[in-house]
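Notes follow once the structure below has been shown.
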Amino acid sequence: EFYTPNGLHVNQIDEEIAEIMKCANFKDLRLSLETANEYLQRKLGYKADNSHFVNAIKFLTKAGFTEKELNVYLLVGLPHQTYNDVKESIIFVKNYHSKPRLAEYSPIPHTILWEESIKVAKFDIVNEPLFHNNTLLPVSHPSINFESLNKLKILARKNY
């Protein structure tokens with residue numbers, strides 16, 4: 001059995017790959033969508049978009065993967081991402097019979113969102129690497145705090 005704790009790139013999953021994964025006995029897939037918000041997808045460099053996600057789910061389902069096996073990573077706390085952005089992403093993922101799994105965003109130097117993260121950071125992330133810690137929600141929008149994050153986690157788990 002193969003498990004995928006790290007997010008698989010949905011833009012790389014086609015019908016053939018999905019069938020090979022099923023034949024190879026992959027279990028408990030973790031897919032990487034990160035957000036269903038198209039503006040944020042663009043900011044992330046279009047690593048994945050909604051059409052990639054929909055196609056991957058279609059191919060994986062056709063290959064025989066069940067709803068219980070399809071987990072989807074969504075990031076929370078991206079620069080400029082609002083509570084409603086995350087909520088809509090959760091609903092989007094659930095509409096395709098897969099389980100949203102929230103992961104708090106951590107700013108990392110020299111990545112595509114680093115400069116944007118510096119601009120919106122609540123802490124001095126340039127000079128203190130400890131402030132990169134995702135548990136601090138260091139660059140999150142004011143609508144995303146520990147209380148609203150808990151509500152989003154409850155919504156993501158609902159019905160599962």
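The chains in the structure tokens are called A, B, ... from first to last as shown; in each chain the residues are counted from 1, and the ligands are counted from 1 in the order shown.
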Apply DSSP to the backbone of this structure and, from region 65-109 of chain A, keep only the residues in helix (DSSP H, G or I); write these as a ChimeraX atom specification.
/A:67-69,83-95
May I have the selected residues written with N, CA and C atoms, as a compact mmCIF listing (two decimals), in the first residue's frame?
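See selection08.txt below for the written result:
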# COMPACT_ATOMS: atom_id res chain seq x y z
N GLU A 67 -14.64 8.52 -2.00
CA GLU A 67 -14.65 9.82 -1.32
C GLU A 67 -13.78 9.80 -0.06
N LYS A 68 -13.78 8.69 0.65
CA LYS A 68 -12.99 8.59 1.88
C LYS A 68 -11.49 8.63 1.61
N GLU A 69 -11.08 8.28 0.39
CA GLU A 69 -9.66 8.24 0.05
C GLU A 69 -9.15 9.55 -0.55
N TYR A 83 -11.41 34.97 5.20
CA TYR A 83 -12.18 33.86 5.77
C TYR A 83 -13.11 33.28 4.70
N ASN A 84 -13.80 34.16 3.98
CA ASN A 84 -14.74 33.69 2.96
C ASN A 84 -14.04 32.97 1.82
N ASP A 85 -12.82 33.38 1.47
CA ASP A 85 -12.05 32.66 0.45
C ASP A 85 -11.85 31.21 0.87
N VAL A 86 -11.47 31.01 2.11
CA VAL A 86 -11.22 29.65 2.61
C VAL A 86 -12.53 28.88 2.68
N LYS A 87 -13.57 29.52 3.19
CA LYS A 87 -14.88 28.87 3.30
C LYS A 87 -15.36 28.41 1.93
N GLU A 88 -15.23 29.27 0.92
CA GLU A 88 -15.66 28.91 -0.43
C GLU A 88 -14.81 27.77 -1.00
N SER A 89 -13.52 27.74 -0.67
CA SER A 89 -12.67 26.64 -1.12
C SER A 89 -13.10 25.32 -0.49
N ILE A 90 -13.44 25.36 0.79
CA ILE A 90 -13.92 24.16 1.48
C ILE A 90 -15.19 23.64 0.80
N ILE A 91 -16.11 24.54 0.54
CA ILE A 91 -17.38 24.14 -0.11
C ILE A 91 -17.11 23.59 -1.50
N PHE A 92 -16.21 24.23 -2.24
CA PHE A 92 -15.85 23.76 -3.59
C PHE A 92 -15.34 22.33 -3.54
N VAL A 93 -14.42 22.04 -2.64
CA VAL A 93 -13.85 20.70 -2.52
C VAL A 93 -14.93 19.69 -2.14
N LYS A 94 -15.78 20.05 -1.19
CA LYS A 94 -16.84 19.14 -0.76
C LYS A 94 -17.84 18.87 -1.90
N ASN A 95 -18.06 19.85 -2.76
CA ASN A 95 -18.97 19.65 -3.90
C ASN A 95 -18.46 18.58 -4.86
DSSP strand (DSSP E or B) selection over chain A, as a ChimeraX atom specification
/A:2-3,8-9,26-27,29-34,70-76,99-104
Would you output that residue set with C-alpha atoms, as a PDB file, in the first residue's frame?
ATOM      1  CA  PHE A   2       1.172   3.513  -0.788  1.00  0.00           C
ATOM      2  CA  TYR A   3       0.152   6.578   1.211  1.00  0.00           C
ATOM      3  CA  LEU A   8       0.054  15.360  -5.042  1.00  0.00           C
ATOM      4  CA  HIS A   9      -0.045  17.922  -7.833  1.00  0.00           C
ATOM      5  CA  PHE A  26      -2.428   3.826  -3.380  1.00  0.00           C
ATOM      6  CA  LYS A  27      -4.531   4.675  -0.312  1.00  0.00           C
ATOM      7  CA  LEU A  29      -4.571  10.272  -1.280  1.00  0.00           C
ATOM      8  CA  ARG A  30      -3.589  13.827  -0.371  1.00  0.00           C
ATOM      9  CA  LEU A  31      -4.153  16.179  -3.275  1.00  0.00           C
ATOM     10  CA  SER A  32      -2.790  19.692  -3.428  1.00  0.00           C
ATOM     11  CA  LEU A  33      -5.273  22.349  -4.534  1.00  0.00           C
ATOM     12  CA  GLU A  34      -4.285  24.978  -1.924  1.00  0.00           C
ATOM     13  CA  LEU A  70      -9.677  11.697  -1.573  1.00  0.00           C
ATOM     14  CA  ASN A  71      -8.226  14.325   0.763  1.00  0.00           C
ATOM     15  CA  VAL A  72      -7.457  17.818  -0.502  1.00  0.00           C
ATOM     16  CA  TYR A  73      -4.999  20.225   1.062  1.00  0.00           C
ATOM     17  CA  LEU A  74      -6.199  23.814   1.307  1.00  0.00           C
ATOM     18  CA  LEU A  75      -3.974  26.566   2.644  1.00  0.00           C
ATOM     19  CA  VAL A  76      -5.228  29.005   5.271  1.00  0.00           C
ATOM     20  CA  LYS A  99     -12.375  15.879   2.041  1.00  0.00           C
ATOM     21  CA  PRO A 100     -10.790  19.280   2.631  1.00  0.00           C
ATOM     22  CA  ARG A 101      -7.708  19.228   4.859  1.00  0.00           C
ATOM     23  CA  LEU A 102      -6.647  22.647   6.102  1.00  0.00           C
ATOM     24  CA  ALA A 103      -2.982  23.549   6.401  1.00  0.00           C
ATOM     25  CA  GLU A 104      -1.811  26.869   7.836  1.00  0.00           C
TER      26      GLU A 104
END
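The two atoms in question, CA of Leu40 (chain A) and CA of Pro79 (chain A), are spaced 8.8 Å apart.
Taking CA of Ile108 (chain A) and CA of Lys122 (chain A) as endpoints, the distance between them is 14.9 Å.
Proximity to Leu113 (chain A) was assessed for A:Thr66, A:Ser148, A:Ala56, A:Leu44 counting only C-alpha atoms; the smallest distance is recorded for A:Leu44.
Using only C-alpha atoms for every distance, the candidate list A:Asp124, A:Glu1, A:Glu16, A:Glu38 yields A:Asp124 as the residue closest to Pro138 (chain A).
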One residue among A:Ser140, A:Asn55, A:Asn133, A:Asn6 is nearest to Ala121 (chain A) when using only C-alpha atoms, and that residue is A:Ser140
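Proximity to Thr61 (chain A) was assessed for A:Glu147, A:Asp49, A:Glu116, A:Glu19 counting only C-alpha atoms; the smallest distance is recorded for A:Glu19.
The space separating CA of Arg157 (chain A) from CA of His97 (chain A) comes to 12.7 Å.
Considering only C-alpha atoms, the residue among A:Leu137, A:Ile144, A:Cys23, A:Ile13 positioned nearest to Tyr105 (chain A) is A:Leu137.
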